[in-house]
Structure formats: structure tokens, C-alpha cells
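Student: Okay, handing you the structure first.
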Amino acid sequence: MASQQPVASRTVGADELVGRALAVLEANQLGPVTVPSPQLYPHQWSWDAAFIAMAYAHVEQSRAEGELRALFAGQWSNGLLPHIVFAPGGGPYFPGPDFWQVDRSPHAPPGQATSGIVQPPVHASAVLQICRHARDPEAAARFRTEMLPKLDAWHGYLHRERTRGNGLVEIWHPWESGMDNSPMWDDALARIVLTPGDVPSYERIDVQLGPIEERPTGDEYDRYAYLVALFRDLGYDPAAIRDACPFVVQDVMFNAMLVQADRDLATLAQLDGADPGPYDRRADRTAAALDGLWDDDRALHVGYDVRRQATITTGTAACFAPLYAGVPSAARAARMVEAVTASSVRPGSRGFVVPSLSPDDPRFLRTRYWRGPVWPVINWLVYRGLSRYGFQSEAGQVRTALIDLVRDGGFYEHYDPMTGRGHGGEQFAWTAALILDLLLDEDRAHLMPPE
Ligand code: 9WN
């Protein structure tokens with residue numbers, strides 16, 4: 001892969017950084033969609049697309065709308081929004097359409113290649129952001145009316161098929177969390193004991209494109225492939241998967257994003273003259289159940305392993321996501337903020353960010369994907385959460401450090417928490433998108449201390 005030019009710190013002003021971020025998004029454009037990274041992820045990904053739409057909401061409304069329209073073209077008739085919509089002309093990726101074989105489900109969209117699992121539901125929030133920043137309010141109103149039934153079906157799928165009745169929704173694959181090899185899933189994956197005959201035959205492409213030690217292990221990939229093959233063999237029938245799947249987790253970040261997305265869907269419904277009540281009631285219920293996962297000793301919320309019927313003892317930076325959704329009380333939030341700062345790192349000369357796993361954890365690895373590196377998406381969530389609860393100084397620190405990381409190191413997938421050096425995919429779209437949002441979000445900018 002070609003190396004990106006590192007950019008000299010501080011000599012690059014905000015306007016130039018905006019220009020560079022937009023250039024990354026443009027370079028990743030493939031027809032009507034923006035792919036996360038041209039070699040590693042050459043198709044459309046669900047939550048990446050939502051963040052890319054949020055960024056375009058500031059600068060090019062029609063492109064923001066087009067991004068989500070293309071993603072929802074892959075929506076299934078039961079409401080499932082797939083985590084990958086394969087783009088015609090996109091490059092090789094494992095697992096590709098031949099492995100997913102989603103036509104085994106009566107719900108998969110005919111003629112559209114997709115995966116058969118989901119990712120965190122941040123899409124209603126992206127639609128609301130488009131409406132809030134619209135330069136063409138009439139077009140935004142039409143888009144809102146077009147998207148409402150699709151969002152209703154998507155959230156309906158989650159609240160219908162992914163719940164055991166307590167308001168929390170569950171994931172059935174580590175990829176659904178968006179944090180594939182996070183140590184939060186180690187125990188649940190270790191309980192999936194496979195014999196060689198259980199593992200479907202497959203060939204990884206990711207390890208041909210970059211350093212293998214920055215990617216999940218072979219044992220993890222065997223389990224990822226095994227779970228996909230299981231869903232495929234069950235014809236993607238949600239009821240059958242709910243019974244048979246050995247990996248069933250109620251994840252903190254996924255549920256926090258759903259709470260916020262349900263709130264945002266309520267606002268969209270109200271703007272459209274519809275009843276926001278059902279969405280707000282769902283948000284209240286999920287929020288209350290999520291707050292029930294509070295771990296008082298560690299001052300954060302922890303996930304729940306449904307198969308083991310036990311809370312997940314590993315807490316990571318993603319467990320601060322309830323702040324983003326306004327879930328904890330002010331008193332709990334204050335304690336969470338102490339935990340945020342205690343687990344933060346300072347890869348540059350200004351501000352702090354939160355790594356995906358605390359360096360104090362014996363499993364911490366500086367460049368191994370979701371087991372240590374700094375991820376922009378998690379820090380964007382933490383930033384929004386801190387800002388929401390009025391911790392402007394801390395929010396400003398996260399914002400400054402994140403912008404510096406990208407300004408100094410380039411647009412990478414993730415960053416070494418010690419050196420700030422970029423790793424993983426290059427020319428990374430949602431890194432560019434989230435930086436654009438931080439730079440252009442005038443609603444919050446006036447709250448931030450000067451850089
Ligand atoms: C599997 C695209 C996606 C992100 C995920 C990130 C990574 C895929 C992979 O890339 O996952 O979905 O092949 O590793 O973990 O959050 O959406 O950027």
C-alpha cells in the first residue's frame with residue numbers, strides 16, 4: 001500500500017485540514033457510495049456510511065442523503081440493515097457475497113449483494129444531523145419522509161428480533177459490535193470450541209494487505225467464519241439464530257447508540273407530524289435497562305453475556321458510550337468522567353484521548369486493532385458524551401488531541417496510543433468524516449476552549 005504523507009503539525013490550519021479530509025472522502029468514492037478504505041474495505045459499511053453522511057451533512061447535503069439512500073437499498077424486508085452492502089466494482093473482501101449467500105433468506109433484497117448481520121444503529125442520528133444542517137430544507141424534509149419508514153423498520157427489527165424482553169438488544173457476532181476483536185468478546189468466543197471440521201473453508205484477504213499482527217488472530221477468524229456459516233445454514237432465520245447462536249451479547253455501545261437513535265427517530269417523527277411517543281418509550285426502556293448494567297466499582301456500564309448469564313468483566317473505552325446517549329444520572333456521569341480521564345493517554349503534546357483498551361490491562365497491545373489502539377469513532381462518542389454533560393474542558397481535550405493525531409499522522413484507521421503513529425487501513429473515510437464533524441460542528445464549537 002502506498003504510504004501517506006505525514007502532515008506537519010500546526011502548520012496545517014483548520015481550513016486546510018478540512019480540505020484534506022474532504023479529499024480523502026472523495027478519493028474513496030465508488031459510484032454513489034464512499035468505501036471505508038480503498039484496499040482493505042472496498043464496499044459500503046453500515047455505521048461507517050452513517051458517519052460519512054454526518055460529515056457530508058455539513059458540506060454537501062445531496063451527497064449525505066445519497067450515502068444513506070445507497071445503504072438502505074440493501075435493507076432486508078424484515079428491517080435488517082446489513083453491515084456491508086457490496087458495491088458493484090468494489091474489490092475483493094472476505095467474506096464476500098459467495099460466502100454470505102444471503103439469498104438463502106426470503107428477506108434479503110433481490111439483486112443486491114449484502115452481508116447478513118448488522119452494525120451499531122447510528123443511522124437515525126445521521127438523518128437528523130442532515131435535517132439540522134440542511135441548506136435545502138425542503139429537500140431535507142422530503143428525505144426525512146422517505147427515510148422514516150426505513151428507519152422505523154430497522155429499529156423495529158432490532159426491538160423485535162434482537163431482544164429477550166428487557167429492552168436491551170443483542171448482537172450475535174463480534175463484527176456486529178463494530179469492535180471485532182475487542183477483549184470484551186474473549187470469554188464468549190473461547191467457549192465456542194471448534195474441531196477442524198467445524199470451520200468452513202475460507203481465505204482471508206486482510207492479512208495479504210497489511211501487517212498480520214495488526215489484525216485479529218486466526219482463531220478469532222475461525223470463529224467469525226463459523227458464526228457466519230451457522231447463520232447461513234439457518235437461512236438467516238432470526239428465531240433459529242436466537243436459539244442456536246453460541247455468541248449472544250448485550251453490548252453497552254450498541255445499546256447506547258440505539259437509545260440515542262430512538263430519541264432522534266422520535267424527533268424526526270415529530271418533525272414529520274407523526275407520533276414520537278413509541279420511539280421515546282423504547283428509548284426510555286432501553287436506557288433504563290442499560291443503566292441497570294452499571295458497575296459501581298469501576299464507574300462504567302458493562303455488557304452482558306446472555307449465554308453465560310453473567311456480566312462481561314472487561315470494560316473498555318466503548319463502555320463510556322452511555323454518556324453520548326444521556327443515560328447515566330449527573331452523579332454517575334461525573335464518576336464516569338473521572339474514569340475517562342484516568343484511562344486516557346496523551347499521544348501528542350496537547351489534550352488526551354481514550355485507547356480501545358487500558359494500557360494497564362495485561363491484554364493491551366499498542367497496534368492490534370481493537371485491543372489497544374486509539375480509534376477516532378470511540379473518541380468522537382466520548383467527546384459528544386462529555387460535551388452533553390457539560391464537561392467542556394475535558395471534551396475540548398479529546399477534540400484537540402484527536403484533531404492533532406490526524407493532522408500529525410494522517411487519516412488512518414487507528415493510532416498507536418503511545419506514539420500517535422497511524423496503523424491499519426490508510427486514507428480512511430470515517431476518520432476523515434469524524435474530523436470533519438469535529439471541525440465543522442458549529443453547534444458545539446463555541447463551547448470548546450481555543451486550540
Ligand atoms: C468487519 C469498516 C469496518 C468497521 C468496523 C471495523 C472493521 C470489518 C473487518 O472495518 O470491521 O466488519 O473486516 O475487520 O472493526 O468497525 O465498520 O471500516
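By convention here, the chains of the C-alpha cells are called A, B, ... in the order presented, each chain's residues are numbered starting at 1, and ligands are numbered starting at 1 in the order presented.
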How close does each residue of chain A get to ligand 1, giving the shortest atom pair and distance in Å to one decimal for every residue with an atom at most 8 Å away, counting only C-alpha atoms and all ligand atoms, sorted by chain and residue number, as JSON lines?

Tutor:
{"residue": "A:Pro36", "atom": "CA", "partner": "ligand 1", "partner_atom_place_in_ligand_line": "18 (O)", "distance": 5.0}
{"residue": "A:Ser37", "atom": "CA", "partner": "ligand 1", "partner_atom_place_in_ligand_line": "18 (O)", "distance": 7.1}
{"residue": "A:Leu40", "atom": "CA", "partner": "ligand 1", "partner_atom_place_in_ligand_line": "13 (O)", "distance": 7.6}
{"residue": "A:Tyr41", "atom": "CA", "partner": "ligand 1", "partner_atom_place_in_ligand_line": "2 (C)", "distance": 6.0}
{"residue": "A:Trp45", "atom": "CA", "partner": "ligand 1", "partner_atom_place_in_ligand_line": "2 (C)", "distance": 5.7}
{"residue": "A:Ser46", "atom": "CA", "partner": "ligand 1", "partner_atom_place_in_ligand_line": "17 (O)", "distance": 6.9}
{"residue": "A:Trp47", "atom": "CA", "partner": "ligand 1", "partner_atom_place_in_ligand_line": "17 (O)", "distance": 6.0}
{"residue": "A:Asp48", "atom": "CA", "partner": "ligand 1", "partner_atom_place_in_ligand_line": "17 (O)", "distance": 5.5}
{"residue": "A:His83", "atom": "CA", "partner": "ligand 1", "partner_atom_place_in_ligand_line": "12 (O)", "distance": 6.8}
{"residue": "A:Ile84", "atom": "CA", "partner": "ligand 1", "partner_atom_place_in_ligand_line": "12 (O)", "distance": 7.4}
{"residue": "A:Tyr93", "atom": "CA", "partner": "ligand 1", "partner_atom_place_in_ligand_line": "13 (O)", "distance": 7.9}
{"residue": "A:Phe94", "atom": "CA", "partner": "ligand 1", "partner_atom_place_in_ligand_line": "13 (O)", "distance": 7.4}
{"residue": "A:Gln119", "atom": "CA", "partner": "ligand 1", "partner_atom_place_in_ligand_line": "17 (O)", "distance": 7.5}
{"residue": "A:Trp175", "atom": "CA", "partner": "ligand 1", "partner_atom_place_in_ligand_line": "12 (O)", "distance": 5.0}
{"residue": "A:Glu176", "atom": "CA", "partner": "ligand 1", "partner_atom_place_in_ligand_line": "12 (O)", "distance": 7.3}
{"residue": "A:Ser177", "atom": "CA", "partner": "ligand 1", "partner_atom_place_in_ligand_line": "16 (O)", "distance": 7.4}
{"residue": "A:Gly178", "atom": "CA", "partner": "ligand 1", "partner_atom_place_in_ligand_line": "16 (O)", "distance": 3.6}
{"residue": "A:Met179", "atom": "CA", "partner": "ligand 1", "partner_atom_place_in_ligand_line": "15 (O)", "distance": 4.8}
{"residue": "A:Asp180", "atom": "CA", "partner": "ligand 1", "partner_atom_place_in_ligand_line": "15 (O)", "distance": 4.9}
{"residue": "A:Asn181", "atom": "CA", "partner": "ligand 1", "partner_atom_place_in_ligand_line": "15 (O)", "distance": 7.8}
{"residue": "A:Asp206", "atom": "CA", "partner": "ligand 1", "partner_atom_place_in_ligand_line": "13 (O)", "distance": 7.1}
{"residue": "A:Arg215", "atom": "CA", "partner": "ligand 1", "partner_atom_place_in_ligand_line": "14 (O)", "distance": 7.6}
{"residue": "A:Pro216", "atom": "CA", "partner": "ligand 1", "partner_atom_place_in_ligand_line": "14 (O)", "distance": 7.9}
{"residue": "A:Tyr369", "atom": "CA", "partner": "ligand 1", "partner_atom_place_in_ligand_line": "15 (O)", "distance": 7.7}
{"residue": "A:Trp370", "atom": "CA", "partner": "ligand 1", "partner_atom_place_in_ligand_line": "15 (O)", "distance": 7.5}
{"residue": "A:Glu413", "atom": "CA", "partner": "ligand 1", "partner_atom_place_in_ligand_line": "18 (O)", "distance": 7.6}
{"residue": "A:Phe428", "atom": "CA", "partner": "ligand 1", "partner_atom_place_in_ligand_line": "18 (O)", "distance": 7.9}
{"residue": "A:Trp430", "atom": "CA", "partner": "ligand 1", "partner_atom_place_in_ligand_line": "18 (O)", "distance": 7.4}

Student: Can you pull out the residues contacting segment 241-247 of chain A? Cut-off 7 Å, using only C-alpha atoms, and skip same-chain residues under 4 positions away; I want them as a ChimeraX atom specification.

Tutor: /A:172-173,188-189,192,231,234,237,307

Student: Kindly save the residues from that selection, with N, CA, C and O atoms included, as an mmCIF file, in the first residue's frame.

Tutor:
data_model
loop_
_atom_site.group_PDB
_atom_site.id
_atom_site.type_symbol
_atom_site.label_atom_id
_atom_site.label_comp_id
_atom_site.auth_asym_id
_atom_site.auth_seq_id
_atom_site.Cartn_x
_atom_site.Cartn_y
_atom_site.Cartn_z
ATOM 1 N N TRP A 172 -25.064 -10.947 17.724
ATOM 2 C CA TRP A 172 -24.807 -12.380 17.541
ATOM 3 C C TRP A 172 -23.450 -12.654 16.900
ATOM 4 O O TRP A 172 -23.148 -13.792 16.541
ATOM 5 N N HIS A 173 -22.682 -11.623 16.692
ATOM 6 C CA HIS A 173 -21.376 -11.791 16.053
ATOM 7 C C HIS A 173 -20.498 -10.619 16.513
ATOM 8 O O HIS A 173 -21.011 -9.494 16.599
ATOM 9 N N ALA A 188 -16.605 -15.099 25.629
ATOM 10 C CA ALA A 188 -17.719 -15.677 24.846
ATOM 11 C C ALA A 188 -17.169 -16.464 23.657
ATOM 12 O O ALA A 188 -17.673 -17.550 23.331
ATOM 13 N N LEU A 189 -16.126 -15.964 23.013
ATOM 14 C CA LEU A 189 -15.560 -16.685 21.858
ATOM 15 C C LEU A 189 -14.813 -17.939 22.304
ATOM 16 O O LEU A 189 -14.832 -18.961 21.610
ATOM 17 N N ILE A 192 -16.680 -21.104 22.375
ATOM 18 C CA ILE A 192 -17.026 -21.787 21.113
ATOM 19 C C ILE A 192 -15.855 -22.710 20.777
ATOM 20 O O ILE A 192 -14.828 -22.279 20.259
ATOM 21 N N PHE A 231 -25.212 -18.939 10.555
ATOM 22 C CA PHE A 231 -26.368 -18.104 10.179
ATOM 23 C C PHE A 231 -26.860 -18.485 8.780
ATOM 24 O O PHE A 231 -28.061 -18.557 8.517
ATOM 25 N N LEU A 234 -28.737 -21.629 8.754
ATOM 26 C CA LEU A 234 -30.071 -21.445 9.346
ATOM 27 C C LEU A 234 -30.936 -20.533 8.484
ATOM 28 O O LEU A 234 -32.010 -20.083 8.914
ATOM 29 N N ASP A 237 -32.622 -17.107 9.580
ATOM 30 C CA ASP A 237 -33.900 -17.016 10.295
ATOM 31 C C ASP A 237 -33.633 -16.507 11.718
ATOM 32 O O ASP A 237 -32.989 -17.202 12.512
ATOM 33 N N ARG A 307 -25.516 -15.992 27.070
ATOM 34 C CA ARG A 307 -25.328 -17.444 27.189
ATOM 35 C C ARG A 307 -24.790 -17.832 28.563
ATOM 36 O O ARG A 307 -25.162 -18.847 29.126
#

Student: Could the residues of segment 331-371 of chain A that have an atom at most 8 Å from segment 396-400 of chain A be listed as CSV, each with its closest atom pair and the distance in Å to one decimal, counting only C-alpha atoms and ordered by chain and ascending residue number?

Tutor:
residue,atom,partner,partner_atom,distance
A:Arg350,CA,A:Thr400,CA,6.8
A:Gly351,CA,A:Gln397,CA,4.1
A:Phe352,CA,A:Val398,CA,5.3
A:Val353,CA,A:Val398,CA,5.3

Student: Return the single residue from A:Val249, A:Ala141, A:Ile205, A:Leu128 that is closest to Arg164 of chain A, with distances computed using only C-alpha atoms.

Tutor: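 Ranked by minimum distance to Arg164 of chain A, first place goes to A:Val249.
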
Student: In Å, with one decimal, what is the gap from atom CA of Glu426 of chain A to atom CA of Val345 of chain A?

Tutor: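 Separation between atom CA of Glu426 of chain A and atom CA of Val345 of chain A: 22.5 Å.
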
Student: Which is closer to Ala266 of chain A than all the others in A:His423, A:His155, A:Arg223, A:Arg142, using only C-alpha atoms?

Tutor: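 Of A:His423, A:His155, A:Arg223, A:Arg142, the one nearest Ala266 of chain A, counting only C-alpha atoms, is A:His155.
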
Student: Enumerate the residues of segment 208-376 of chain A with a DSSP assignment of helix (DSSP H, G or I), computed from the backbone, and present them as a VMD selection string.

Tutor: chain A and resid 208 to 209 212 to 214 218 to 233 238 to 244 252 to 271 277 to 291 317 to 324 330 to 342 376

Student: Could you tell me how far atom CA of Ala87 of chain A sits from atom CA of Val18 of chain A, in Å to one decimal place?

Tutor: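 Between atom CA of Val18 of chain A and atom CA of Ala87 of chain A the gap works out to 26.6 Å.
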
Student: Nearest residue to Gln61 of chain A out of A:Ala140, A:Val85, A:Leu439, A:Cys319, using only C-alpha atoms?

Tutor: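 Answer, going by the shortest atom-to-atom distance: A:Ala140.
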